[in-house]
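Engineer: The structure's right below; bear with me while I get my questions together.
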Amino acid sequence: SEKSNQMLWSDIQQFQTAPVVGSSEEPFSYVVYADQGGPGYGMSKGADRVTRRMITEMKENNIRSVHHFGDLSYSNGAAHMWDTWSDMVSKFAATIPLMIGVGNHEYDHTDGGGAGRDPSGVTTPWGYLPEWGNFGTDSRGECGIPVSNRFVMPQSEGSNGVYWYSFDYGTVHTVMISSEHDMSQGSEQYAWLENDLKNVDRTVTPWVIVESHRPLYNSADVPDNNRVGIAMRDQIEDLMYETDVDLVLSGHYHAYLRTCDGLYKSQCNNGGPMHITVGSAGAELDTVGLYDQEWTSFYSREWGYGRITVANETALHWEFVADENGLVRDELWIMKES
């Protein structure tokens with residue numbers, strides 16, 4: 001029909017180019033979080049609220065990008081929920097980069113995958129099912145296919161689409177890994193991660209931040225998740241220690257938790273990175289208690305997000321911002337020797 005042949009135009013958008021890699025002339029800020037979902041459906045009761053705060057963040061603090069490390073739409077096999085979520089985040093993602101990772105609700109499956117069918121290249125029908133894990137059917141048959149087709153992330157030798165990759169932005173080298181895939185020594189992901197971390201030029205990007213859906217450290221009283229964290233520490237904690245990773249960010253738990261600084265082998269001030277869980281972007285909040293762990297420094301059960309401000313090559317400011325009123329609930333400076 002005549003009407004169907006009409007040309008439609010989107011709204012006019014604008015964007016700001018990234019700072020020069022290695023340049024510390026001007027501070028920049030970005031937002032990080034996990035576990036969101038779409039507006040007002042299922043377990044994602046706070047997603048709309050957090051998104052509204054993001055619009056305010058862009059206007060007030062010149063947020064340069066958003067990092068969302070897993071459990072994006074919680075569509076669970078319903079394609080229209082991907083559309084609803086995409087429309088919601090487009091309010092900011094049309095203007096600033098949205099860098100994503102993969103969580104259990106995008107990838108985990110126990111059947112239906114295999115060679116030529118799994119977009120991450122895993123050849124077993126069940127994806128990744130270690131005996132110590134709780135990797136089940138949380139993607140409800142999506143098996144990573146929708147997220148792989150909706151997003152393109154930066155690539156380098158050995159990286160793997162939206163699953164594991166890295167990129168430089170200003171003075172920060174960000175590494176996204178997949179907690180839903182094998183990262184033990186001898187695996188493809190471990191080989192890539194080792195090569196990536198050992199070849200960072202710290203004179204150009206002195207800050208190295210690793211992002212993962214599941215955390216290595218969290219105090220929530222969920223035994224099966226705790227076992228996964230311990231296994232992840234066995235797999236990659238030594239590597240991150242040896243390569244002086246500054247900060248590890250994750251989600252999966254629907255709350256905010258910050259560990260002590262220098263965490264390594266469950267000991268504070270022991271030469272490792274700080275670990276922060278910020279799975280509070282809108283999914284229904286956790287209700288479980290906490291294990292008594294000396295390395296737990298701050299915990300809050302509310303919706304919100306992390307805001308990182310890179311001041312220069314030796315100073316980084318972390319804030320946890322509550323979505324309801326924009327108040328900073330937790331903050332600290334991470335300092336490096338020049």
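By convention here, the chains of the structure tokens are called A, B, ... in the order presented, each chain's residues are numbered starting at 1, and ligands are numbered starting at 1 in the order presented.
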Go through range 167-275 of chain A and flag each residue having an atom no more than 10 Å from range 87-107 of chain A; for those, report the closest pair of atoms plus their distance in Å to one decimal, using only C-alpha atoms, ordered by chain and rising number, as CSV.
Structural biologist:
residue,atom,partner,partner_atom,distance
A:Met176,CA,A:Gly101,CA,6.5
A:Ile177,CA,A:Gly101,CA,7.4
A:Ser178,CA,A:Val102,CA,6.3
A:Ser179,CA,A:Gly103,CA,7.3
A:Glu180,CA,A:Asn104,CA,6.4
A:His181,CA,A:Tyr107,CA,9.3
A:Glu211,CA,A:Gly101,CA,8.1
A:Ser212,CA,A:Gly101,CA,7.3
A:His213,CA,A:Gly103,CA,5.3
A:Arg214,CA,A:Gly103,CA,7.6
A:Gly251,CA,A:Gly103,CA,8.8
A:His252,CA,A:Gly103,CA,7.7
Engineer: Take the residues from that selection and put them in a file with N, CA, C and O atoms, as a PDB file, in the first residue's frame.
Structural biologist:
ATOM      1  N   MET A 176      35.945  -8.429  29.698  1.00  0.00           N
ATOM      2  CA  MET A 176      34.674  -9.112  29.944  1.00  0.00           C
ATOM      3  C   MET A 176      34.888 -10.605  29.776  1.00  0.00           C
ATOM      4  O   MET A 176      35.345 -11.048  28.718  1.00  0.00           O
ATOM      5  N   ILE A 177      34.586 -11.385  30.811  1.00  0.00           N
ATOM      6  CA  ILE A 177      34.702 -12.836  30.711  1.00  0.00           C
ATOM      7  C   ILE A 177      33.321 -13.466  30.868  1.00  0.00           C
ATOM      8  O   ILE A 177      32.372 -12.816  31.298  1.00  0.00           O
ATOM      9  N   SER A 178      33.220 -14.739  30.509  1.00  0.00           N
ATOM     10  CA  SER A 178      31.957 -15.461  30.636  1.00  0.00           C
ATOM     11  C   SER A 178      32.061 -16.481  31.760  1.00  0.00           C
ATOM     12  O   SER A 178      32.777 -17.483  31.632  1.00  0.00           O
ATOM     13  N   SER A 179      31.327 -16.230  32.826  1.00  0.00           N
ATOM     14  CA  SER A 179      31.269 -17.190  33.927  1.00  0.00           C
ATOM     15  C   SER A 179      30.435 -18.404  33.561  1.00  0.00           C
ATOM     16  O   SER A 179      30.410 -19.380  34.319  1.00  0.00           O
ATOM     17  N   GLU A 180      29.767 -18.369  32.411  1.00  0.00           N
ATOM     18  CA  GLU A 180      28.922 -19.477  31.970  1.00  0.00           C
ATOM     19  C   GLU A 180      29.676 -20.449  31.059  1.00  0.00           C
ATOM     20  O   GLU A 180      29.081 -21.377  30.502  1.00  0.00           O
ATOM     21  N   HIS A 181      30.973 -20.230  30.894  1.00  0.00           N
ATOM     22  CA  HIS A 181      31.816 -21.074  30.068  1.00  0.00           C
ATOM     23  C   HIS A 181      33.042 -21.519  30.865  1.00  0.00           C
ATOM     24  O   HIS A 181      33.416 -20.903  31.862  1.00  0.00           O
ATOM     25  N   GLU A 211      35.267  -7.870  34.345  1.00  0.00           N
ATOM     26  CA  GLU A 211      33.821  -7.947  34.563  1.00  0.00           C
ATOM     27  C   GLU A 211      33.335  -9.356  34.251  1.00  0.00           C
ATOM     28  O   GLU A 211      33.726  -9.948  33.246  1.00  0.00           O
ATOM     29  N   SER A 212      32.478  -9.876  35.115  1.00  0.00           N
ATOM     30  CA  SER A 212      31.968 -11.241  34.985  1.00  0.00           C
ATOM     31  C   SER A 212      30.561 -11.273  35.547  1.00  0.00           C
ATOM     32  O   SER A 212      30.258 -10.568  36.518  1.00  0.00           O
ATOM     33  N   HIS A 213      29.689 -12.103  34.970  1.00  0.00           N
ATOM     34  CA  HIS A 213      28.349 -12.164  35.544  1.00  0.00           C
ATOM     35  C   HIS A 213      28.376 -12.725  36.971  1.00  0.00           C
ATOM     36  O   HIS A 213      27.860 -12.097  37.894  1.00  0.00           O
ATOM     37  N   ARG A 214      28.971 -13.872  37.145  1.00  0.00           N
ATOM     38  CA  ARG A 214      29.048 -14.465  38.486  1.00  0.00           C
ATOM     39  C   ARG A 214      30.294 -13.957  39.207  1.00  0.00           C
ATOM     40  O   ARG A 214      31.350 -13.803  38.597  1.00  0.00           O
ATOM     41  N   GLY A 251      27.741  -9.564  39.020  1.00  0.00           N
ATOM     42  CA  GLY A 251      26.341  -9.479  39.408  1.00  0.00           C
ATOM     43  C   GLY A 251      25.866 -10.814  39.949  1.00  0.00           C
ATOM     44  O   GLY A 251      26.435 -11.366  40.858  1.00  0.00           O
ATOM     45  N   HIS A 252      24.786 -11.335  39.354  1.00  0.00           N
ATOM     46  CA  HIS A 252      24.182 -12.625  39.673  1.00  0.00           C
ATOM     47  C   HIS A 252      23.383 -12.581  40.973  1.00  0.00           C
ATOM     48  O   HIS A 252      22.234 -13.004  41.024  1.00  0.00           O
TER      49      HIS A 252
END
Engineer: List the neighbours of Phe28 in chain A out to 9 Å using only C-alpha atoms; skip same-chain residues closer than 3 positions along the sequence, and give me the result as a PyMOL selection string.
Structural biologist: chain A and resi 19+62-64+170+308-312
Engineer: How far is it from CA of Gly114 in chain A to CA of Cys143 in chain A, in Å with one decimal?
Structural biologist: 10.2 Å
Engineer: With distances taken over only C-alpha atoms, which of A:Gly262, A:Pro215, A:Pro154, A:Gly40 is nearest to Met274 in chain A?
Structural biologist: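 Result for the nearest residue to Met274 in chain A: A:Gly262.
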Engineer: Leaving out range 190-202 of chain A and any residue of its chain fewer than 2 positions from it, which residues lie within 9 Å of it when counting only C-alpha atoms, given as a ChimeraX atom specification?
Structural biologist: /A:157-159,164-166,171,173,175,177,182-188,204-208,235-236,239-240,242-245
Engineer: Just the alpha helix (DSSP H) stuff from range 103-154 of chain A, please, per backbone DSSP, written as a list in words.
Structural biologist: Asn104, His105, Glu106, Tyr107, Ile145, Pro146, Val147, Ser148, Asn149 and Arg150 of chain A
Engineer: CA of Thr287 in chain A to CA of His68 in chain A: how many Å, to one decimal?
Structural biologist: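 So the answer is 22.5 Å.
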